[in-house]
Amino acid sequence: MADDRFHVYDTTLRDGAQQEGLNLTVADKLAVARLMDSLGVGFIEGGWPGANPKDTEFFRRAQTELDLKHAQLAAFGATRRAGVKAADDPLVAALRESAAPVVTLVAKSHDRHVELALRTSLQENLAMIRDTVSHLRAEGQRVFLDAEHFFDGYKRNPDYALEVVRTAAEAGADVVVLCDTNGGMLPDELGEIVSATAAVGARLGIHCHDDTGCAVANSMAAVKAGATHVQGCANNYGERAGNANLFTVLANLQLKWGYDLVPPAALADMTRIAHAISEITNVTPNSHAPYTGVSAFAHKAGLHASAIKVDPNLYQHIDPALVGNDMRMLVSDMAGRASVELKGRELGYELTSDQSRNLVEHVKGLEAKGYTFEAADASFELLLRDTVNGERKRHFSVESWRVIVERRPDGEVVGEATVKLHAKGERIIATGEGNGPVNALDRAVRHALETIYPELAALELIDYKVRILEGTHGTEAVTRVLITSSDATGEWATVGVDENIIEASWQALEQAVTYGLLRAGHDLT
Ligand SMILES: CC(=O)SCCNC(=O)CCNC(=O)[C@H](O)C(C)(C)COP(=O)(O)OP(=O)(O)OC[C@H]1O[C@@H](n2cnc3c(N)ncnc32)[C@H](O)[C@@H]1OP(=O)(O)O
Ligand SMILES: CC(=O)C(=O)O
C-alpha cells in the first residue's frame with residue numbers, strides 16, 4: 001500500500017473520462033486502473049457509481065477483477081440533495097454500496113454556486129456536507145471532500161469557502177481537496193490561497209484544471225504551500241483543457257523535489273504506461289508531453305546535437321531512462337555534422353567527418369526540395385548507407401512502371417500497374433491490381449520480387465500520407481508522400497517527393513521495399 005503521508009490521486013477514470021471524445025468501456029476502465037496501479041499511485045477514482053450503469057458496473061466488477069497492489073479505489077459522488085437525509089439519498093446509497101474503501105464527495109464552496117446551481121441556502125449546503133461526510137464515515141468509508149470552485153469562491157467570499165473546509169474536516173473528511181474547477185488560476189495567487197487555507201488545520205489536497213496552461217504549475221504551487229494530496233489525470237485528460245497531467249506532477253515531485261512517491265522502477269515504466277493508456281483511450285498521444293512524449297527528449301537543432309555529443313546532459317533536464325523514455329536525434333535541414341554522426345551511431349554506423357559533412361549537405365539539399373527525414377527514418381538510413389558505401393546500392397532496379405486507373409461500369413475504381421524490374425540478374429515483368437494506383441504498384445512490385453524474396457509477404461503498407469508543398473517563385477508545387485510500412489517486428493517510414501504524386505509514391509514505395517529487405521537480412525554489400 002502506498003505511503004499515506006502524501007497522496008498521488010488519479011482521477012483519469014472520472015474527470016479524465018469527462019474529456020470530449022473519450023469514451024471508456026468497463027473493460028477499458030479496469031485496464032487503465034491496472035496500469036495506474038502498476039505505476040504505484042495511492043488512489044484511483046473509478047467513476048461515479050449510481051450516476052450511470054457503466055460506473056456502477058465498474059465498481060461491481062472491480063471487487064473481483066481488480067487485484068490492486070498499491071492503490072485504493074475511490075468512488076466519486078455528490079453530497080446529499082438539499083432537504084433529504086444522507087441515508088435516504090439514492091446517490092449516496094450508491095456510494096455506500098460501491099464497496100470502495102474511499103469516497104470522494106464533491107461539494108459546493110462558492111456561495112454563488114450554492115444559491116444559483118444548488119438553489120439552496122448557504123447553511124443547508126454546510127448541513128449537506130456535514131451529514132454526508134459523517135454518514136459515510138459512520139458506514140466505515142474514508143472520505144475526501146472535493147471543494148468545487150474553491151479558489152473562485154474564496155476570492156468572492158473567503159469566510160464561506162473556509163467554513164466549507166472547516167465543516168468537512170470537522171465532520172470527518174480526511175482530506176479537503178481545493179479545486180480550481182474552472183482552471184483559471186495562476187500559481188502565485190493559488191499558492192497564497194492554499195497557504196491561507198492551511199490555517200484552518202485541515203489536511204489539504206489540490207485538483208487543477210488546465211485552462212490557463214498552469215495546471216501542473218498550480219499543483220506544484222499548492223504542494224509548496226502545504227497540500228499533501230495531489231489529483232490529476234493520465235496524459236492531461238480531463239474536462240475542457242484537461243486536468244493536471246499526473247505523470248508530469250509525479251515526475252516533478254519525485255525527480256525535482258526528491259519526494260519518494262513510487263518505486264524508481266515504476267517511474268522508469270511511466271512512458272510505456274502513458275502510451276498503453278493512449279491505446280486504450282484511443283486518443284493519439286501528445287508527442288510533446290513532458291517526460292512521456294516521443295519528442296520529450298528528441299533533438300533537432302544541430303547546435304544541440306554538437307553539445308550532446310560531448311555530454312547528453314547539456315541539453316537534457318533529466319536522464320530520459322528515469323521515466324522510461326529515450327533520447328532521439330532528429331535529422332533535418334536544421335542538422336549539423338554532430339546530428340548525423342549521433343543519428344548514425346544510434347543506427348549502428350560510425351561516420352567519418354567527411355561522410356558526416358557530405359551527408360549533412362545531401363540532407364539539406366533534399367529537404368530544400370521538399371523531402372523530410374525526421375519523419376522518414378528509413379529513407380535517412382538508406383541515404384546514410386549510400387554515403388558510407390560511396391554508391392547507391394539496391395536489391396532491384398526499375399526499368400519502368402506504368403499505371404492505369406479504370407472506373408468500371410459498376411462504379412468500382414481499380415488501379416492496374418505494370419513494373420519492369422531487374423533483380424539478381426533477371427529482367428522481371430509483373431502486373432498488379434489494387435483499389436488505387438499506389439496499391440496496384442505495390443502489388444506489382446511484390447509479384448515481381450516474391451519468388452526471389454519470399455519475406456516480402458510479411459511486409460505491409462500501413463499508412464500513406466500526402467502533402468502538397470507550395471511552389472516558390474515560379475516553381476511548381478510538389479507532392480510529398482510518406483509511407484509507413486511494417487513487418488512482424490516493427491515499422492519504418494519512407495519519403496518521396498515529385499511534381500507527380502505517383503512518382504512521389506513510387507520513390508517512397510521503392511525505399512519501403514528496399515528497407516524491408518534489409519530488415520529481412522538481405523544486406524547490400
Ligand atoms: C466539477 C465536476 O466535474 S463534478 C463532476 C460532474 N460529473 C458529472 O456531472 C457526471 C455525472 N453526472 C450525472 O450523471 C448527472 O448529472 C447526475 C446523475 C449526477 C444528476 O443528474 P440529474 O438528477 O438528472 O440532474 P442534473 O444533471 O440536471 O443536475 C442538477 C441537479 O444536481 C444537483 N447538484 C448539482 N451539484 C450538486 C452537488 N454538488 N451536490 C448535490 N447536488 C448537486 C442540482 O441541485 C440539481 O438538483 P435538482 O434537479 O434536484 O434541482
Ligand atoms: C471536482 C472536480 O472535478 C472539479 O472541481 O473540477
# chains A, B, ... in the order shown; residues from 1 in each chain; ligands from 1

call {"tool": "residues_around", "arguments": {"residues": "segment 362-377 of chain A", "least_positions_apart": "6", "cutoff": "9 Å", "atoms": "only C-alpha atoms", "output": "list in words"}}
result
Lys300, Met329, Leu330, Val331, Ser332, Asp333, Met334, Ala335, Leu383, Leu469, Val478, Thr479, Arg480, Val481, Leu482, Ile483, Thr484, Trp492, Ala493, Thr494, Val495, Gly496, Val497 and Asp498 of chain A

call {"tool": "residues_around", "arguments": {"residues": "Ala31 of chain A", "least_positions_apart": "3", "cutoff": "10 Å", "atoms": "only C-alpha atoms", "output": "list in words"}}
result
Thr25, Val26, Ala27, Asp28, Arg34, Leu35, Met36, Asp37, Leu66, Ala276, Ile277 and Ile280 of chain A

call {"tool": "write_last_selection", "arguments": {"atoms": "C-alpha atoms", "output": "PDB file, in the first residue's frame"}}
result
ATOM      1  CA  THR A  25     -15.942   0.693 -21.635  1.00  0.00           C
ATOM      2  CA  VAL A  26     -15.902  -1.044 -18.248  1.00  0.00           C
ATOM      3  CA  ALA A  27     -13.131  -3.324 -19.551  1.00  0.00           C
ATOM      4  CA  ASP A  28     -11.151  -0.228 -20.639  1.00  0.00           C
ATOM      5  CA  ARG A  34      -4.355  -1.808 -13.563  1.00  0.00           C
ATOM      6  CA  LEU A  35      -1.828   0.353 -15.399  1.00  0.00           C
ATOM      7  CA  MET A  36      -2.128   3.257 -12.936  1.00  0.00           C
ATOM      8  CA  ASP A  37      -1.809   0.796 -10.054  1.00  0.00           C
ATOM      9  CA  LEU A  66      -9.070  -5.802  -9.830  1.00  0.00           C
ATOM     10  CA  ALA A 276      -0.540   1.955 -23.167  1.00  0.00           C
ATOM     11  CA  ILE A 277      -3.300   4.163 -21.732  1.00  0.00           C
ATOM     12  CA  ILE A 280      -6.911   2.034 -24.520  1.00  0.00           C
TER      13      ILE A 280
END

call {"tool": "closest_atom_pairs", "arguments": {"of": "chain A", "to": "ligand 2", "cutoff": "10 Å", "atoms": "only C-alpha atoms and all ligand atoms", "output": "Markdown table"}}
result
| residue | atom | partner | partner_atom_place_in_ligand_line | distance |
| --- | --- | --- | --- | --- |
| A:Thr11 | CA | ligand 2 | 3 (O) | 8.5 |
| A:Arg14 | CA | ligand 2 | 3 (O) | 8.2 |
| A:Asp15 | CA | ligand 2 | 3 (O) | 5.7 |
| A:Gly16 | CA | ligand 2 | 3 (O) | 9.3 |
| A:Gln18 | CA | ligand 2 | 3 (O) | 9.1 |
| A:Phe76 | CA | ligand 2 | 1 (C) | 8.8 |
| A:Gly77 | CA | ligand 2 | 1 (C) | 9.3 |
| A:Ala78 | CA | ligand 2 | 1 (C) | 9.4 |
| A:Thr104 | CA | ligand 2 | 1 (C) | 8.8 |
| A:Leu105 | CA | ligand 2 | 1 (C) | 8.2 |
| A:Val106 | CA | ligand 2 | 1 (C) | 5.6 |
| A:Ala107 | CA | ligand 2 | 1 (C) | 8.0 |
| A:Lys108 | CA | ligand 2 | 5 (O) | 8.8 |
| A:Ser109 | CA | ligand 2 | 5 (O) | 9.9 |
| A:Leu145 | CA | ligand 2 | 1 (C) | 8.8 |
| A:Asp146 | CA | ligand 2 | 1 (C) | 5.3 |
| A:Ala147 | CA | ligand 2 | 5 (O) | 6.6 |
| A:Glu148 | CA | ligand 2 | 5 (O) | 4.0 |
| A:His149 | CA | ligand 2 | 5 (O) | 5.8 |
| A:Phe150 | CA | ligand 2 | 5 (O) | 7.9 |
| A:Val177 | CA | ligand 2 | 1 (C) | 8.4 |
| A:Leu178 | CA | ligand 2 | 5 (O) | 7.9 |
| A:Cys179 | CA | ligand 2 | 5 (O) | 4.7 |
| A:Asp180 | CA | ligand 2 | 6 (O) | 6.1 |
| A:Thr181 | CA | ligand 2 | 6 (O) | 3.6 |
| A:Asn182 | CA | ligand 2 | 6 (O) | 6.9 |
| A:Gly183 | CA | ligand 2 | 6 (O) | 7.9 |
| A:Ile206 | CA | ligand 2 | 5 (O) | 9.7 |
| A:His207 | CA | ligand 2 | 6 (O) | 6.5 |
| A:Cys208 | CA | ligand 2 | 6 (O) | 6.8 |
| A:His209 | CA | ligand 2 | 6 (O) | 6.6 |
| A:Gln231 | CA | ligand 2 | 3 (O) | 9.5 |
| A:Gly232 | CA | ligand 2 | 3 (O) | 9.7 |
| A:Gly238 | CA | ligand 2 | 3 (O) | 8.7 |
| A:Glu239 | CA | ligand 2 | 6 (O) | 8.1 |
| A:Gly242 | CA | ligand 2 | 6 (O) | 9.8 |
| A:Asn243 | CA | ligand 2 | 6 (O) | 8.2 |

call {"tool": "select_by_dssp", "arguments": {"residues": "segment 204-392 of chain A", "states": "alpha helix (DSSP H)", "output": "PyMOL selection string"}}
result
chain A and resi 215-224+246-251+264-267+270-281+302-310+337-347+353-368+377-389

call {"tool": "closest_residue", "arguments": {"among": "A:Val114, A:Gly83, A:Phe59, A:Gln123", "to": "Leu95 of chain A", "atoms": "only C-alpha atoms"}}
result
A:Phe59

call {"tool": "residues_around", "arguments": {"residues": "Leu250 of chain A", "least_positions_apart": "4", "cutoff": "8 Å", "atoms": "only C-alpha atoms", "output": "NGL selection string"}}
result
:A and (8 or 246 or 254 or 261)

call {"tool": "write_last_selection", "arguments": {"atoms": "C-alpha atoms", "output": "PDB file, in the first residue's frame"}}
result
ATOM      1  CA  VAL A   8      -0.964  10.702  -5.519  1.00  0.00           C
ATOM      2  CA  LEU A 246      -0.438  13.325 -13.241  1.00  0.00           C
ATOM      3  CA  GLN A 254       9.931  12.769  -7.344  1.00  0.00           C
ATOM      4  CA  LEU A 261       6.262   8.529  -4.092  1.00  0.00           C
TER       5      LEU A 261
END

call {"tool": "residues_around", "arguments": {"residues": "Val405 of chain A", "least_positions_apart": "3", "cutoff": "8 Å", "atoms": "only C-alpha atoms", "output": "list in words"}}
result
Val413, Val414, Gly415, Glu416, Gly436 and Pro437 of chain A

call {"tool": "closest_residue", "arguments": {"among": "A:Leu24, A:Ala504, A:Val92, A:Ala274", "to": "ligand 1", "atoms": "only C-alpha atoms and all ligand atoms"}}
result
A:Val92

call {"tool": "closest_residue", "arguments": {"among": "A:Ser485, A:Asp174, A:Thr167, A:Ala444", "to": "Tyr464 of chain A", "atoms": "only C-alpha atoms"}}
result
A:Ser485
